[in-house]
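Q: Structure incoming, see below.
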Amino acid sequence: MADPIIVVEHLAHRYASGFHLRVRHLALSPGRTYAVYGANGSGKTTLLNMLALLALPQEGRILLEGRPVHGADPARSRRYRRRVTLLMQHVYLFRSTVFENVAAGLRFRGMAKEAIEERVTGMLGKVGLAEFAHRPAHSLSGGEAQRAGLARALVTDPDVLLLDEPTASVDAAHGQQIEEILRETCRQRRMTVVLSTHQYEQAHRIADEVLIMRDGRMIEAGPENVFKGSIEDTSQGAVVRLENGVTLRTDAAARGAVHVAIAPHEIRLYRSTPSPDTANTLQGVVSAAAVDGDRIRLDVDAGLRLTVHVARDAFAGMDMTVGDTVYAAIEASSVRAS
């Protein structure tokens, strides 16, 4: 994997309200999508604001390609802000046309008129607003305004795009459209995308890595277990059949083709067969192990590749190493589908 474009080290900030943001380490790689998942008030927006330098931490530092940016010379901070764009949950649009709103950042950068015309027209087409180009921005609906804001953010071609709850104010159809735009843009432009969300299914559906926030702390970060499959009803209840043929019992209400997500910390590993009451038990082999902060990350080949997170103190007593045969126990409620 390429070197990270942004690294956060020992970030901390305490507010007068008592809220305390603490992020020990976070590395964002080029071309990857990250979802910051958590409940309202968990610190998602605060983290994005600091990554955008709209707020500066009291402790720690943010590095762009290995060089610190906040607290550094003003010119370096300006260059950082040109490469990192934040789209807030409630989009503010200027009282001008949709075209002029999307073109604003390019005009600020001194781009030629002909180039602006071409780029803005193309971006409005990408987000489905080509016919709205010359309408007043204040006449847009909530979903249309969100897409106009996304177009304004994307048209400047940032290296890092930060999105605060990008689909919270739009209906399901427009939310799906925004997700598709983000996936395509990230793939084509090798752009790093960080979005906050309180939707567990969306986080696992769209992101390469899910960062879980709770009470100002990042409690989990890393690749998730995401698979494609289909859910069908059986006499034993709902079963998801993955593309590789593995079947898992699930409590999910969805039916038909789905994406399945299993959080690494919700998988339990045993050296012998666990209780028959466990909904899903897969036999496999530990193929890799690594220390990741206060936990151990294990890769298990069990007919599908599973990433499992185990607390370091718990792992010490498990007598488990690479090459061992293990049993992965997964509850039906942990097999989430959307």
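Residues in the structure tokens are numbered from 1 in each chain, the chains being A, B, ... in the order shown, and ligands are numbered from 1 in the order shown.
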So that I can see what lies close to Val7 of chain A, please list as a ChimeraX atom specification the residues with an atom at most 12 Å from it, counting only C-alpha atoms and leaving out residues fewer than 2 positions away in the same chain.

A: /A:3-5,9-11,23-30,51,60-69

Q: Report as a tab-separated table: every residue of segment 247-283 of chain A with an atom at most 6 Å from segment 234-243 of chain A, its closest pair of atoms, and their distance in Å to one decimal, counting only C-alpha atoms, with rows sorted by chain and ascending residue number.

A:
```
residue	atom	partner	partner_atom	distance
A:Thr247	CA	A:Arg241	CA	4.4
A:Leu248	CA	A:Val240	CA	5.3
A:Arg249	CA	A:Val239	CA	4.4
A:Thr250	CA	A:Ala238	CA	5.7
```

Q: Set the distance at 12 Å and use only C-alpha atoms: which residues neighbour segment 293-300 of chain A once local chain neighbours fewer than 5 positions away are removed? I'd like the list as a count of residues only.

A: 47

Q: Just checking: using only C-alpha atoms, which residue out of A:Leu47, A:Met88, A:Ile6, A:Ala115 ends up closest to Gly216 of chain A?

A: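 Of A:Leu47, A:Met88, A:Ile6, A:Ala115, the one nearest Gly216 of chain A, counting only C-alpha atoms, is A:Leu47.
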
Q: Can you tell me, as a PyMOL selection string, what residues are no more than 12 Å from Val127 of chain A when counting only C-alpha atoms, ignoring any on the same chain fewer than 5 positions away?

A: chain A and resi 102+120-122+132-133+143-155+174-182+184-185

Q: Those same residues, written as a tab-separated table (two decimals), in the first residue's frame with N, CA and C atoms?

A:
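The result, stored in result_18.tsv:
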```tsv
chain	number	residue	atom	x	y	z
A	102	VAL	N	-20.75	26.14	-8.27
A	102	VAL	CA	-19.80	25.07	-8.52
A	102	VAL	C	-18.47	25.61	-9.04
A	120	VAL	N	-16.92	22.54	-15.05
A	120	VAL	CA	-18.16	22.66	-14.29
A	120	VAL	C	-19.31	21.96	-15.00
A	121	THR	N	-19.39	22.14	-16.32
A	121	THR	CA	-20.46	21.48	-17.08
A	121	THR	C	-20.36	19.96	-16.94
A	122	GLY	N	-19.16	19.44	-17.02
A	122	GLY	CA	-18.97	18.01	-16.88
A	122	GLY	C	-19.34	17.51	-15.48
A	132	PHE	N	-29.86	22.17	-14.32
A	132	PHE	CA	-30.05	23.17	-13.27
A	132	PHE	C	-28.97	24.26	-13.29
A	133	ALA	N	-28.07	24.21	-14.26
A	133	ALA	CA	-26.89	25.06	-14.25
A	133	ALA	C	-27.20	26.54	-14.05
A	143	GLY	N	-32.04	17.67	-1.45
A	143	GLY	CA	-31.21	16.69	-2.13
A	143	GLY	C	-30.42	17.29	-3.28
A	144	GLU	N	-31.04	18.22	-4.02
A	144	GLU	CA	-30.35	18.88	-5.12
A	144	GLU	C	-29.22	19.77	-4.60
A	145	ALA	N	-29.48	20.46	-3.49
A	145	ALA	CA	-28.44	21.31	-2.91
A	145	ALA	C	-27.25	20.47	-2.44
A	146	GLN	N	-27.53	19.29	-1.88
A	146	GLN	CA	-26.44	18.42	-1.44
A	146	GLN	C	-25.59	17.98	-2.62
A	147	ARG	N	-26.21	17.66	-3.75
A	147	ARG	CA	-25.46	17.26	-4.93
A	147	ARG	C	-24.70	18.44	-5.53
A	148	ALA	N	-25.27	19.65	-5.44
A	148	ALA	CA	-24.55	20.84	-5.92
A	148	ALA	C	-23.31	21.08	-5.05
A	149	GLY	N	-23.47	20.89	-3.74
A	149	GLY	CA	-22.32	21.04	-2.85
A	149	GLY	C	-21.25	20.00	-3.14
A	150	LEU	N	-21.68	18.78	-3.43
A	150	LEU	CA	-20.72	17.72	-3.77
A	150	LEU	C	-19.99	18.06	-5.06
A	151	ALA	N	-20.73	18.59	-6.05
A	151	ALA	CA	-20.09	18.98	-7.32
A	151	ALA	C	-19.07	20.08	-7.08
A	152	ARG	N	-19.40	21.05	-6.23
A	152	ARG	CA	-18.46	22.14	-5.93
A	152	ARG	C	-17.20	21.62	-5.25
A	153	ALA	N	-17.36	20.59	-4.40
A	153	ALA	CA	-16.20	20.01	-3.73
A	153	ALA	C	-15.34	19.19	-4.68
A	154	LEU	N	-15.99	18.43	-5.56
A	154	LEU	CA	-15.25	17.53	-6.44
A	154	LEU	C	-14.58	18.25	-7.60
A	155	VAL	N	-15.17	19.36	-8.06
A	155	VAL	CA	-14.68	20.00	-9.28
A	155	VAL	C	-13.27	20.55	-9.12
A	174	HIS	N	-31.49	9.42	-3.90
A	174	HIS	CA	-30.39	10.37	-4.05
A	174	HIS	C	-29.19	9.97	-3.20
A	175	GLY	N	-29.46	9.34	-2.05
A	175	GLY	CA	-28.36	8.85	-1.23
A	175	GLY	C	-27.55	7.80	-1.96
A	176	GLN	N	-28.24	6.90	-2.65
A	176	GLN	CA	-27.56	5.88	-3.44
A	176	GLN	C	-26.76	6.51	-4.57
A	177	GLN	N	-27.32	7.55	-5.18
A	177	GLN	CA	-26.62	8.24	-6.27
A	177	GLN	C	-25.33	8.87	-5.75
A	178	ILE	N	-25.39	9.50	-4.57
A	178	ILE	CA	-24.20	10.12	-4.00
A	178	ILE	C	-23.14	9.06	-3.70
A	179	GLU	N	-23.55	7.93	-3.16
A	179	GLU	CA	-22.60	6.85	-2.89
A	179	GLU	C	-21.92	6.38	-4.18
A	180	GLU	N	-22.69	6.24	-5.25
A	180	GLU	CA	-22.13	5.79	-6.52
A	180	GLU	C	-21.14	6.81	-7.08
A	181	ILE	N	-21.46	8.10	-6.94
A	181	ILE	CA	-20.55	9.15	-7.40
A	181	ILE	C	-19.24	9.07	-6.64
A	182	LEU	N	-19.32	8.87	-5.33
A	182	LEU	CA	-18.11	8.80	-4.51
A	182	LEU	C	-17.26	7.59	-4.90
A	184	GLU	N	-17.15	5.99	-7.79
A	184	GLU	CA	-16.57	6.20	-9.11
A	184	GLU	C	-15.43	7.21	-9.06
A	185	THR	N	-15.64	8.31	-8.32
A	185	THR	CA	-14.63	9.36	-8.24
A	185	THR	C	-13.37	8.86	-7.57
```

Q: Which residue out of A:Val226, A:Val170, A:Ala12, A:Ala290 has the minimum interatomic distance to Ala207 of chain A when only C-alpha atoms are used?

A: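 The shortest atom-to-atom distance to Ala207 of chain A comes from A:Val226.
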
Q: Please, which residues of segment 38-135 of chain A, numbered as in this document, come out strand (DSSP E) from DSSP, as a PyMOL selection string?

A: chain A and resi 59-64+67-68+84-87

Q: Between A:Arg95, A:Arg32, A:His13, A:Arg78, single out the one closest to Val210 of chain A, counting only C-alpha atoms.

A: A:Arg32

Q: Quick one: residues within 10 Å of Asp164 of chain A, only C-alpha atoms, excluding same-chain residues fewer than 2 positions away - as a list in words?

A: Val36, Lys44, Thr45, Thr46, Leu48, Asn49, Leu86, Leu87, Met88, Gln89, His90, Leu162, Pro166, Thr167, Ala168, Val194, Leu195, Ser196 and Thr197 of chain A

Q: May I have the residues from that selection written out with N, CA and C atoms, as a JSON list (two decimals), in the first residue's frame?

A:
```json
[["chain", "number", "residue", "atom", "x", "y", "z"],
["A", 36, "VAL", "N", -16.24, 7.23, 9.04],
["A", 36, "VAL", "CA", -16.18, 7.48, 10.48],
["A", 36, "VAL", "C", -17.58, 7.25, 11.02],
["A", 44, "LYS", "N", -17.51, 12.64, 15.47],
["A", 44, "LYS", "CA", -17.26, 12.49, 14.03],
["A", 44, "LYS", "C", -17.01, 13.86, 13.37],
["A", 45, "THR", "N", -17.94, 14.80, 13.59],
["A", 45, "THR", "CA", -17.81, 16.12, 12.96],
["A", 45, "THR", "C", -16.59, 16.86, 13.49],
["A", 46, "THR", "N", -16.33, 16.73, 14.78],
["A", 46, "THR", "CA", -15.15, 17.38, 15.37],
["A", 46, "THR", "C", -13.88, 16.89, 14.72],
["A", 48, "LEU", "N", -13.55, 15.63, 11.65],
["A", 48, "LEU", "CA", -13.48, 16.14, 10.28],
["A", 48, "LEU", "C", -13.07, 17.61, 10.26],
["A", 49, "ASN", "N", -13.61, 18.39, 11.20],
["A", 49, "ASN", "CA", -13.24, 19.81, 11.27],
["A", 49, "ASN", "C", -11.75, 19.99, 11.52],
["A", 86, "LEU", "N", -13.64, 20.02, 2.63],
["A", 86, "LEU", "CA", -14.68, 19.53, 3.52],
["A", 86, "LEU", "C", -16.05, 19.96, 2.99],
["A", 87, "LEU", "N", -16.96, 18.99, 2.86],
["A", 87, "LEU", "CA", -18.35, 19.28, 2.54],
["A", 87, "LEU", "C", -19.17, 19.04, 3.80],
["A", 88, "MET", "N", -19.74, 20.11, 4.34],
["A", 88, "MET", "CA", -20.50, 19.99, 5.58],
["A", 88, "MET", "C", -21.87, 19.37, 5.34],
["A", 89, "GLN", "N", -22.48, 18.91, 6.42],
["A", 89, "GLN", "CA", -23.78, 18.24, 6.31],
["A", 89, "GLN", "C", -24.84, 19.19, 5.76],
["A", 90, "HIS", "N", -24.84, 20.42, 6.24],
["A", 90, "HIS", "CA", -25.80, 21.43, 5.76],
["A", 90, "HIS", "C", -25.06, 22.35, 4.79],
["A", 162, "LEU", "N", -13.44, 15.34, 2.48],
["A", 162, "LEU", "CA", -14.07, 15.07, 3.77],
["A", 162, "LEU", "C", -15.56, 15.37, 3.65],
["A", 166, "PRO", "N", -22.98, 12.89, 4.36],
["A", 166, "PRO", "CA", -23.35, 13.39, 3.02],
["A", 166, "PRO", "C", -24.73, 12.98, 2.54],
["A", 167, "THR", "N", -25.34, 11.96, 3.13],
["A", 167, "THR", "CA", -26.66, 11.52, 2.65],
["A", 167, "THR", "C", -27.75, 11.69, 3.71],
["A", 168, "ALA", "N", -27.43, 12.38, 4.81],
["A", 168, "ALA", "CA", -28.39, 12.48, 5.91],
["A", 168, "ALA", "C", -29.64, 13.26, 5.53],
["A", 194, "VAL", "N", -13.07, 10.61, 3.16],
["A", 194, "VAL", "CA", -13.40, 10.34, 4.56],
["A", 194, "VAL", "C", -14.80, 10.88, 4.79],
["A", 195, "LEU", "N", -15.75, 9.99, 5.10],
["A", 195, "LEU", "CA", -17.12, 10.45, 5.34],
["A", 195, "LEU", "C", -17.59, 10.00, 6.71],
["A", 196, "SER", "N", -18.34, 10.86, 7.36],
["A", 196, "SER", "CA", -18.94, 10.49, 8.65],
["A", 196, "SER", "C", -20.35, 9.98, 8.40],
["A", 197, "THR", "N", -20.79, 9.04, 9.22],
["A", 197, "THR", "CA", -22.12, 8.49, 9.09],
["A", 197, "THR", "C", -22.56, 7.86, 10.40]]
```

Q: If DSSP is run on the backbone, what residues of segment 115-338 of chain A are helix (DSSP H, G or I)? A reply as JSON, numbers by chain would be ideal.

A: {"A": [115, 116, 117, 118, 119, 120, 121, 122, 123, 124, 125, 126, 130, 131, 132, 137, 138, 139, 142, 143, 144, 145, 146, 147, 148, 149, 150, 151, 152, 153, 154, 172, 173, 174, 175, 176, 177, 178, 179, 180, 181, 182, 183, 184, 185, 186, 187, 188, 189, 200, 201, 202, 203, 204, 205, 206, 264, 265, 266, 312, 313, 314, 315, 332, 333, 334]}

Q: My list of candidates is A:Ala75, A:Gln199, A:Pro57, A:Val335. Which is closest to Lys228 of chain A when distances are computed with only C-alpha atoms?

A: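 Among A:Ala75, A:Gln199, A:Pro57, A:Val335, it is A:Val335 that comes nearest to Lys228 of chain A.
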
Q: How many Å separate atom CA of Asp233 of chain A from atom CA of His259 of chain A?

A: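 Between atom CA of Asp233 of chain A and atom CA of His259 of chain A the gap works out to 16.6 Å.
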
Q: When you look at Leu304 of chain A with a cut-off of 8 Å (counting only C-alpha atoms), what residues show up, excluding the ones that are within fewer than 3 positions of it in the same chain? I need them as a list of chain:residue names.

A: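 Contacts, with the query itself left out: A:Asn244, A:Val246, A:Asp301.
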
Q: Which value, in Å to one decimal, gives the distance between atom CA of Arg189 of chain A and atom CA of Val160 of chain A?

A: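 That distance, rounded to one decimal, is 10.6 Å.
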
Q: Just to confirm, what's the straight-line distance from atom CA of Pro158 of chain A to atom CA of Ala52 of chain A in Å (one decimal)?

A: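 We find that atom CA of Pro158 of chain A and atom CA of Ala52 of chain A lie 11.9 Å from each other.
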